[in-house]
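A.B. asks: Supplied structure: structure22.tsv, TSV, C-alpha atoms.
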```
chain	number	residue	atom	x	y	z
A	1	MET	CA	79.02	-14.24	258.35
A	2	ALA	CA	75.57	-14.99	259.67
A	3	LYS	CA	74.38	-12.97	262.62
A	4	VAL	CA	74.04	-16.07	264.70
A	5	ASN	CA	77.82	-16.46	264.54
A	6	ARG	CA	78.21	-13.16	266.37
A	7	ILE	CA	76.99	-14.83	269.57
A	8	TRP	CA	80.16	-16.06	271.19
A	9	ASN	CA	80.84	-18.78	273.69
A	10	LYS	CA	81.57	-16.93	276.90
A	11	LYS	CA	83.63	-19.85	278.19
A	12	LYS	CA	86.23	-19.19	275.51
A	13	TRP	CA	86.87	-15.57	276.42
A	14	THR	CA	85.16	-12.94	278.50
A	15	SER	CA	85.68	-9.23	278.67
A	16	PRO	CA	87.58	-8.04	281.76
A	17	LYS	CA	85.21	-6.68	284.38
A	18	THR	CA	85.53	-3.02	285.23
A	19	TRP	CA	82.61	-3.03	287.70
A	20	PHE	CA	80.47	-0.22	286.36
A	21	HIS	CA	77.00	-0.26	287.88
A	22	ARG	CA	74.19	1.92	286.62
A	23	LYS	CA	72.38	1.63	289.97
A	24	LYS	CA	75.28	3.09	291.90
A	25	LYS	CA	74.89	6.80	292.66
A	26	VAL	CA	77.90	8.57	291.25
A	27	GLN	CA	78.71	12.11	292.29
A	28	ARG	CA	78.58	14.50	289.33
A	29	TRP	CA	80.52	17.68	288.73
A	30	SER	CA	80.57	20.54	286.34
A	31	TYR	CA	83.87	20.50	284.45
A	32	GLN	CA	86.70	19.72	286.84
A	33	VAL	CA	90.22	18.63	286.01
A	34	ASN	CA	90.43	16.49	289.14
A	35	ASP	CA	87.17	14.60	289.05
A	36	GLU	CA	86.98	10.95	290.07
A	37	TYR	CA	87.81	9.51	286.66
A	38	ALA	CA	90.66	11.93	285.95
A	39	VAL	CA	92.30	11.01	289.25
A	40	LYS	CA	91.83	7.28	288.60
A	41	ALA	CA	93.32	7.65	285.12
A	42	ARG	CA	96.45	9.41	286.38
A	43	LYS	CA	96.99	6.84	289.12
A	44	ALA	CA	96.70	4.00	286.59
A	45	TRP	CA	99.02	5.73	284.09
A	46	PHE	CA	96.28	6.09	281.51
A	47	ARG	CA	96.58	9.00	279.11
A	48	ALA	CA	93.05	10.31	279.67
A	49	ARG	CA	89.89	9.70	281.68
A	50	SER	CA	88.07	8.70	278.47
A	51	ILE	CA	89.48	5.18	278.79
A	52	TYR	CA	86.76	4.51	281.37
A	53	LYS	CA	84.08	5.38	278.81
A	54	LEU	CA	85.35	2.72	276.43
A	55	LEU	CA	85.81	0.18	279.22
A	56	GLU	CA	82.20	0.62	280.28
A	57	ILE	CA	80.97	0.35	276.69
A	58	GLN	CA	83.06	-2.79	276.27
A	59	GLU	CA	81.68	-4.30	279.46
A	60	ARG	CA	78.11	-3.63	278.39
A	61	PHE	CA	78.28	-4.48	274.68
A	62	ASP	CA	81.39	-6.70	274.38
A	63	LEU	CA	82.31	-5.42	270.92
A	64	ILE	CA	86.09	-5.97	270.87
A	65	ARG	CA	87.68	-9.43	270.96
A	66	PRO	CA	91.30	-10.65	271.12
A	67	GLU	CA	91.36	-11.72	267.47
A	68	TYR	CA	89.98	-8.43	266.08
A	69	SER	CA	91.73	-5.77	264.02
A	70	VAL	CA	90.70	-2.26	265.10
A	71	MET	CA	90.84	1.25	263.72
A	72	ASP	CA	90.57	4.09	266.26
A	73	ILE	CA	89.66	7.48	264.75
A	74	GLY	CA	90.29	10.74	266.59
A	75	CYS	CA	92.69	8.88	268.84
A	76	ALA	CA	94.59	11.63	270.69
A	77	PRO	CA	95.86	11.40	273.36
A	78	GLY	CA	95.62	7.60	273.13
A	79	SER	CA	93.58	6.32	276.06
A	80	PHE	CA	91.19	4.33	273.85
A	81	LEU	CA	94.23	2.63	272.34
A	82	GLN	CA	95.46	1.61	275.79
A	83	ALA	CA	92.19	-0.22	276.41
A	84	ILE	CA	92.04	-1.71	272.91
A	85	ARG	CA	95.62	-2.97	273.00
A	86	ASN	CA	94.98	-4.79	276.28
A	87	ILE	CA	92.19	-6.73	274.55
A	88	VAL	CA	93.45	-7.47	271.04
A	89	ARG	CA	97.13	-7.84	271.99
A	90	GLU	CA	99.03	-8.52	268.74
A	91	LYS	CA	96.33	-7.89	266.13
A	92	THR	CA	96.58	-4.85	263.85
A	93	ILE	CA	95.57	-1.50	265.33
A	94	ILE	CA	95.60	1.73	263.34
A	95	TRP	CA	94.93	5.00	265.07
A	96	VAL	CA	94.22	8.24	263.25
A	97	ASP	CA	94.24	11.87	264.26
A	98	LEU	CA	94.80	15.29	262.73
A	99	LYS	CA	97.80	15.88	264.95
A	100	GLU	CA	100.80	13.86	266.00
A	101	CYS	CA	100.23	11.68	269.07
A	102	LYS	CA	102.86	10.55	271.49
A	103	PRO	CA	103.65	7.06	270.15
A	104	PHE	CA	103.45	3.75	271.96
A	105	SER	CA	106.13	1.09	271.57
A	106	TYR	CA	103.66	-1.59	270.46
A	107	PRO	CA	104.83	-3.15	267.16
A	108	ASN	CA	101.27	-3.85	265.98
A	109	VAL	CA	100.15	-0.22	266.33
A	110	THR	CA	100.47	2.28	263.46
A	111	THR	CA	99.74	5.98	263.80
A	112	LEU	CA	98.38	7.95	260.83
A	113	VAL	CA	98.18	11.74	260.77
A	114	CYS	CA	95.26	12.52	258.49
A	115	SER	CA	91.79	14.05	258.38
A	116	ILE	CA	88.76	11.76	258.25
A	117	PHE	CA	87.44	14.14	255.58
A	118	ASP	CA	90.42	13.39	253.33
A	119	TYR	CA	89.05	10.01	252.24
A	120	ASP	CA	91.45	9.40	249.36
A	121	GLU	CA	94.61	10.13	251.34
A	122	LEU	CA	93.46	8.18	254.40
A	123	SER	CA	92.39	5.19	252.29
A	124	LYS	CA	95.77	5.11	250.58
A	125	LYS	CA	97.61	5.11	253.90
A	126	VAL	CA	95.39	2.39	255.37
A	127	LEU	CA	95.80	0.12	252.35
A	128	GLU	CA	99.57	0.32	252.73
A	129	ILE	CA	99.23	-1.30	256.17
A	130	ILE	CA	96.45	-3.90	256.20
A	131	TRP	CA	96.55	-6.73	253.71
A	132	ASP	CA	92.86	-7.68	253.91
A	133	ASP	CA	91.88	-3.98	253.85
A	134	GLN	CA	88.93	-4.21	256.28
A	135	PHE	CA	88.61	-3.95	260.05
A	136	ASP	CA	86.60	-5.99	262.53
A	137	VAL	CA	85.76	-2.90	264.62
A	138	ILE	CA	86.03	0.85	264.17
A	139	THR	CA	86.07	3.01	267.31
A	140	SER	CA	85.98	6.77	267.58
A	141	ASP	CA	86.20	9.33	270.36
A	142	ILE	CA	86.46	12.16	267.84
A	143	ALA	CA	85.37	15.71	268.64
A	144	PRO	CA	85.57	18.95	266.65
A	145	ASN	CA	87.65	21.93	267.67
A	146	THR	CA	85.16	23.73	269.88
A	147	THR	CA	83.95	27.25	269.17
A	148	TRP	CA	81.93	27.55	272.43
A	149	ARG	CA	78.81	27.87	270.27
A	150	PHE	CA	77.06	24.62	270.95
A	151	ASP	CA	74.92	24.63	267.80
A	152	VAL	CA	78.05	25.01	265.65
A	153	ASP	CA	80.05	22.42	267.59
A	154	GLN	CA	77.18	19.92	267.58
A	155	TYR	CA	76.74	20.23	263.82
A	156	ALA	CA	80.50	19.78	263.31
A	157	SER	CA	80.39	16.66	265.51
A	158	VAL	CA	77.61	15.17	263.38
A	159	GLU	CA	79.53	15.93	260.18
A	160	LEU	CA	82.65	14.19	261.51
A	161	ASN	CA	80.68	11.07	262.37
A	162	ILE	CA	78.92	10.97	259.01
A	163	ALA	CA	82.38	11.01	257.41
A	164	ILE	CA	83.33	8.02	259.57
A	165	CYS	CA	80.17	6.22	258.43
A	166	GLU	CA	81.23	6.79	254.83
A	167	PHE	CA	84.70	5.48	255.63
A	168	SER	CA	83.14	2.36	257.16
A	169	ASP	CA	81.42	1.57	253.84
A	170	ARG	CA	84.79	0.50	252.49
A	171	PHE	CA	86.81	-0.45	255.55
A	172	LEU	CA	84.49	-2.21	258.02
A	173	LYS	CA	83.61	-5.86	257.48
A	174	LYS	CA	80.03	-6.93	256.90
A	175	TRP	CA	78.11	-7.83	260.09
A	176	TRP	CA	80.69	-6.09	262.28
A	177	ASN	CA	80.40	-3.13	264.61
A	178	MET	CA	81.39	0.49	265.18
A	179	ILE	CA	81.49	2.91	268.13
A	180	LEU	CA	80.99	6.66	267.55
A	181	LYS	CA	80.93	9.65	269.87
A	182	VAL	CA	78.65	12.57	269.05
A	183	PHE	CA	77.44	15.80	270.63
A	184	LYS	CA	73.75	14.99	270.70
A	185	TRP	CA	71.23	17.70	269.93
A	186	GLU	CA	68.87	18.73	267.15
A	187	ASP	CA	71.11	17.59	264.26
A	188	PHE	CA	71.53	14.11	265.72
A	189	ASN	CA	68.81	12.68	263.45
A	190	ASP	CA	71.04	13.40	260.44
A	191	LEU	CA	73.62	11.01	261.87
A	192	ALA	CA	71.03	8.47	263.04
A	193	MET	CA	69.66	8.26	259.48
A	194	GLN	CA	73.15	7.52	258.10
A	195	VAL	CA	73.82	4.86	260.75
A	196	ARG	CA	70.49	3.09	260.20
A	197	LYS	CA	71.15	2.95	256.45
A	198	ARG	CA	74.32	0.98	257.13
A	199	PHE	CA	73.66	-1.06	260.29
A	200	ASP	CA	70.91	-3.40	261.41
A	201	SER	CA	70.76	-1.89	264.89
A	202	MET	CA	71.74	1.37	266.59
A	203	LYS	CA	71.89	2.13	270.30
A	204	THR	CA	72.88	5.29	272.15
A	205	TYR	CA	74.71	5.07	275.46
A	206	LYS	CA	76.15	7.59	277.91
A	207	PRO	CA	78.81	6.04	280.18
A	208	LEU	CA	79.12	7.11	283.79
A	209	ALA	CA	82.49	8.69	283.03
A	210	CYS	CA	80.78	11.31	280.84
A	211	ARG	CA	80.24	14.51	282.75
A	212	ASP	CA	76.64	15.55	283.43
A	213	SER	CA	77.31	18.90	281.79
A	214	SER	CA	78.41	17.19	278.57
A	215	HIS	CA	76.05	16.51	275.67
A	216	GLU	CA	78.28	13.73	274.36
A	217	GLU	CA	76.83	10.28	273.85
A	218	TYR	CA	78.15	7.16	272.18
A	219	VAL	CA	76.40	5.58	269.23
A	220	ILE	CA	76.75	1.79	269.14
A	221	CYS	CA	76.41	0.68	265.53
A	222	LEU	CA	75.66	-3.05	265.34
A	223	TRP	CA	75.88	-5.48	262.41
A	224	LYS	CA	76.91	-3.62	259.29
A	225	LYS	CA	74.57	-4.55	256.45
A	226	LYS	CA	76.97	-4.76	253.52
```
Once you've parsed the file, please lay out its structure as structure tokens.
C.D. replies:
Amino acid sequence: MAKVNRIWNKKKWTSPKTWFHRKKKVQRWSYQVNDEYAVKARKAWFRARSIYKLLEIQERFDLIRPEYSVMDIGCAPGSFLQAIRNIVREKTIIWVDLKECKPFSYPNVTTLVCSIFDYDELSKKVLEIIWDDQFDVITSDIAPNTTWRFDVDQYASVELNIAICEFSDRFLKKWWNMILKVFKWEDFNDLAMQVRKRFDSMKTYKPLACRDSSHEEYVICLWKKK
């Protein structure tokens, strides 16, 4: 698919507006359970505040479309899936995590319990589900089990995302896109090098819903090369 075909006619379908504005001053907190986004998420019956991170990324970059198949890695507790399902409706969605997640009743959604590092086992499970064996988009909100040593946690975050890049070699379609979350610090260049090898363009983005105290950023991987 030529890159020019990735420019879509906005009259056919447009992403739902969530009204995020970078110019708006948003009050910031250190870690609080009841911050603005956590309260909004509970009132809207979303599973986690992280849904607003994906909604803002979607509004800005418009990466997910109704006809797309999607794989969501590191899915627990499932808030990304709630946003994705509202966009793609009946297309195939596979979500993956190391632990069991409370299931949804959507017939097009399949949950896999597996490690992203166990490539052979995960590949086998995926190929049992999707007939064309590649996805239009891969999303990830994955994070390592924290040790409270930031250098260790940040390195583990980079390693997880490099494993997702390697998974995308086989399971993401050419010229399509991926969203990663990483703890950004001194090892970030190791991940950036892997992304640039595989994608024509890479952007980093920190949604408003990310806490100021957090080092997490999202890596927008655009136009897979092969």
A.B. asks: Taking all atoms listed in the file into account, produce a table as CSV in which each residue of range 104-166 of chain A with an atom at most 12 Å from an atom of range 206-222 of chain A appears once, together with its shortest atom pair and the distance in Å to one decimal, ordered by chain and rising number.
C.D. replies:
```
residue,atom,partner,partner_atom,distance
A:Asp136,CA,A:Leu222,CA,11.7
A:Val137,CA,A:Cys221,CA,10.1
A:Ile138,CA,A:Cys221,CA,9.7
A:Thr139,CA,A:Ile220,CA,9.6
A:Ser140,CA,A:Tyr218,CA,9.1
A:Asp141,CA,A:Tyr218,CA,8.5
A:Ile142,CA,A:Glu216,CA,10.6
A:Ala143,CA,A:Glu216,CA,9.3
A:Pro144,CA,A:Glu216,CA,11.8
A:Phe150,CA,A:His215,CA,9.4
A:Asp151,CA,A:His215,CA,11.4
A:Asp153,CA,A:His215,CA,10.8
A:Gln154,CA,A:His215,CA,8.9
A:Ser157,CA,A:Glu216,CA,9.6
A:Val158,CA,A:Glu216,CA,11.1
A:Asn161,CA,A:Val219,CA,9.8
A:Ile162,CA,A:Val219,CA,11.8
A:Ile164,CA,A:Cys221,CA,11.7
A:Cys165,CA,A:Cys221,CA,9.8
```
A.B. asks: Just how far from CA of Leu180 in chain A is CA of Cys101 in chain A, in Å to one decimal?
C.D. replies: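 Taking CA of Cys101 in chain A and CA of Leu180 in chain A, their separation equals 19.9 Å.
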A.B. asks: Give me, please, the distance in Å between CA of Lys174 in chain A and CA of Val195 in chain A, quoted to one decimal.
C.D. replies: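 Taking CA of Lys174 in chain A and CA of Val195 in chain A, their separation equals 13.9 Å.
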A.B. asks: Report as a PDB file with C-alpha atoms, in the frame of the given file all protein, DNA and RNA residues lying within 9 Å of Arg198 in chain A, evaluated on only C-alpha atoms, omitting residues in the same chain fewer than 5 positions from it.
C.D. replies:
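Contents of out15.pdb, as written:
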```pdb
ATOM      1  CA  CYS A 165      80.170   6.220 258.430  1.00  0.00           C
ATOM      2  CA  SER A 168      83.140   2.360 257.160  1.00  0.00           C
ATOM      3  CA  ASP A 169      81.420   1.570 253.840  1.00  0.00           C
ATOM      4  CA  MET A 193      69.660   8.260 259.480  1.00  0.00           C
ATOM      5  CA  CYS A 221      76.410   0.680 265.530  1.00  0.00           C
ATOM      6  CA  TRP A 223      75.880  -5.480 262.410  1.00  0.00           C
ATOM      7  CA  LYS A 224      76.910  -3.620 259.290  1.00  0.00           C
ATOM      8  CA  LYS A 225      74.570  -4.550 256.450  1.00  0.00           C
ATOM      9  CA  LYS A 226      76.970  -4.760 253.520  1.00  0.00           C
TER      10      LYS A 226
END
```
A.B. asks: So which residues touch Lys124 in chain A within 12 Å, counting all atoms listed in the file, skipping near sequence neighbours fewer than 4 positions away, as a PyMOL selection string?
C.D. replies: chain A and resi 112+114+118-120+128-130+133+171
A.B. asks: Since fewer atoms than expected are present, regenerate N, CA and C atoms for range 53-88 of chain A and write them as an mmCIF file, in the frame of the given file.
C.D. replies:
```cif
data_model
loop_
_atom_site.group_PDB
_atom_site.id
_atom_site.type_symbol
_atom_site.label_atom_id
_atom_site.label_comp_id
_atom_site.auth_asym_id
_atom_site.auth_seq_id
_atom_site.Cartn_x
_atom_site.Cartn_y
_atom_site.Cartn_z
ATOM 1 N N LYS A 53 85.274 5.413 279.661
ATOM 2 C CA LYS A 53 84.080 5.380 278.810
ATOM 3 C C LYS A 53 84.100 4.142 277.918
ATOM 4 N N LEU A 54 85.251 3.895 277.300
ATOM 5 C CA LEU A 54 85.350 2.720 276.430
ATOM 6 C C LEU A 54 85.268 1.432 277.229
ATOM 7 N N LEU A 55 85.871 1.399 278.395
ATOM 8 C CA LEU A 55 85.810 0.180 279.220
ATOM 9 C C LEU A 55 84.379 -0.147 279.617
ATOM 10 N N GLU A 56 83.590 0.879 279.927
ATOM 11 C CA GLU A 56 82.200 0.620 280.280
ATOM 12 C C GLU A 56 81.387 0.163 279.072
ATOM 13 N N ILE A 57 81.632 0.790 277.917
ATOM 14 C CA ILE A 57 80.970 0.350 276.690
ATOM 15 C C ILE A 57 81.335 -1.092 276.366
ATOM 16 N N GLN A 58 82.606 -1.429 276.530
ATOM 17 C CA GLN A 58 83.060 -2.790 276.270
ATOM 18 C C GLN A 58 82.412 -3.781 277.225
ATOM 19 N N GLU A 59 82.311 -3.400 278.488
ATOM 20 C CA GLU A 59 81.680 -4.300 279.460
ATOM 21 C C GLU A 59 80.215 -4.531 279.146
ATOM 22 N N ARG A 60 79.555 -3.510 278.662
ATOM 23 C CA ARG A 60 78.110 -3.630 278.390
ATOM 24 C C ARG A 60 77.820 -4.320 277.067
ATOM 25 N N PHE A 61 78.607 -3.994 276.018
ATOM 26 C CA PHE A 61 78.280 -4.480 274.680
ATOM 27 C C PHE A 61 79.259 -5.529 274.141
ATOM 28 N N ASP A 62 80.424 -5.646 274.733
ATOM 29 C CA ASP A 62 81.390 -6.700 274.380
ATOM 30 C C ASP A 62 81.681 -6.710 272.876
ATOM 31 N N LEU A 63 82.142 -5.580 272.354
ATOM 32 C CA LEU A 63 82.310 -5.420 270.920
ATOM 33 C C LEU A 63 83.713 -5.766 270.420
ATOM 34 N N ILE A 64 84.705 -5.762 271.292
ATOM 35 C CA ILE A 64 86.090 -5.970 270.870
ATOM 36 C C ILE A 64 86.581 -7.298 271.434
ATOM 37 N N ARG A 65 87.211 -8.103 270.582
ATOM 38 C CA ARG A 65 87.680 -9.430 270.960
ATOM 39 C C ARG A 65 89.171 -9.568 270.657
ATOM 40 N N PRO A 66 89.838 -10.540 271.291
ATOM 41 C CA PRO A 66 91.300 -10.650 271.120
ATOM 42 C C PRO A 66 91.749 -10.834 269.684
ATOM 43 N N GLU A 67 90.930 -11.432 268.836
ATOM 44 C CA GLU A 67 91.360 -11.720 267.470
ATOM 45 C C GLU A 67 90.977 -10.609 266.484
ATOM 46 N N TYR A 68 90.493 -9.477 266.964
ATOM 47 C CA TYR A 68 89.980 -8.430 266.080
ATOM 48 C C TYR A 68 91.057 -7.432 265.675
ATOM 49 N N SER A 69 90.963 -6.941 264.438
ATOM 50 C CA SER A 69 91.730 -5.770 264.020
ATOM 51 C C SER A 69 90.841 -4.541 264.238
ATOM 52 N N VAL A 70 91.464 -3.437 264.664
ATOM 53 C CA VAL A 70 90.700 -2.260 265.100
ATOM 54 C C VAL A 70 91.293 -1.003 264.496
ATOM 55 N N MET A 71 90.420 -0.093 264.095
ATOM 56 C CA MET A 71 90.840 1.250 263.720
ATOM 57 C C MET A 71 90.202 2.230 264.695
ATOM 58 N N ASP A 72 91.029 3.092 265.295
ATOM 59 C CA ASP A 72 90.570 4.090 266.260
ATOM 60 C C ASP A 72 90.749 5.471 265.628
ATOM 61 N N ILE A 73 89.657 6.192 265.453
ATOM 62 C CA ILE A 73 89.660 7.480 264.750
ATOM 63 C C ILE A 73 89.472 8.616 265.754
ATOM 64 N N GLY A 74 90.304 9.654 265.621
ATOM 65 C CA GLY A 74 90.290 10.740 266.590
ATOM 66 C C GLY A 74 90.923 10.275 267.886
ATOM 67 N N CYS A 75 92.121 9.707 267.762
ATOM 68 C CA CYS A 75 92.690 8.880 268.840
ATOM 69 C C CYS A 75 93.352 9.674 269.958
ATOM 70 N N ALA A 76 93.814 10.888 269.690
ATOM 71 C CA ALA A 76 94.590 11.630 270.690
ATOM 72 C C ALA A 76 93.787 11.816 271.972
ATOM 73 N N PRO A 77 94.427 11.667 273.135
ATOM 74 C CA PRO A 77 95.860 11.400 273.360
ATOM 75 C C PRO A 77 96.246 9.924 273.410
ATOM 76 N N GLY A 78 95.273 9.009 273.239
ATOM 77 C CA GLY A 78 95.620 7.600 273.130
ATOM 78 C C GLY A 78 95.056 6.686 274.203
ATOM 79 N N SER A 79 94.108 7.173 274.989
ATOM 80 C CA SER A 79 93.580 6.320 276.060
ATOM 81 C C SER A 79 92.727 5.179 275.525
ATOM 82 N N PHE A 80 91.949 5.427 274.453
ATOM 83 C CA PHE A 80 91.190 4.330 273.850
ATOM 84 C C PHE A 80 92.147 3.223 273.399
ATOM 85 N N LEU A 81 93.263 3.620 272.813
ATOM 86 C CA LEU A 81 94.230 2.630 272.340
ATOM 87 C C LEU A 81 94.759 1.781 273.478
ATOM 88 N N GLN A 82 94.969 2.384 274.646
ATOM 89 C CA GLN A 82 95.460 1.610 275.790
ATOM 90 C C GLN A 82 94.485 0.502 276.154
ATOM 91 N N ALA A 83 93.196 0.810 276.113
ATOM 92 C CA ALA A 83 92.190 -0.220 276.410
ATOM 93 C C ALA A 83 92.125 -1.258 275.295
ATOM 94 N N ILE A 84 92.141 -0.789 274.052
ATOM 95 C CA ILE A 84 92.040 -1.710 272.910
ATOM 96 C C ILE A 84 93.212 -2.658 272.869
ATOM 97 N N ARG A 85 94.414 -2.139 273.072
ATOM 98 C CA ARG A 85 95.620 -2.970 273.000
ATOM 99 C C ARG A 85 95.607 -4.064 274.074
ATOM 100 N N ASN A 86 95.055 -3.781 275.221
ATOM 101 C CA ASN A 86 94.980 -4.790 276.280
ATOM 102 C C ASN A 86 94.043 -5.934 275.909
ATOM 103 N N ILE A 87 93.124 -5.689 274.969
ATOM 104 C CA ILE A 87 92.190 -6.730 274.550
ATOM 105 C C ILE A 87 92.716 -7.500 273.349
ATOM 106 N N VAL A 88 93.111 -6.782 272.294
ATOM 107 C CA VAL A 88 93.450 -7.470 271.040
ATOM 108 C C VAL A 88 94.892 -7.939 271.009
#
```
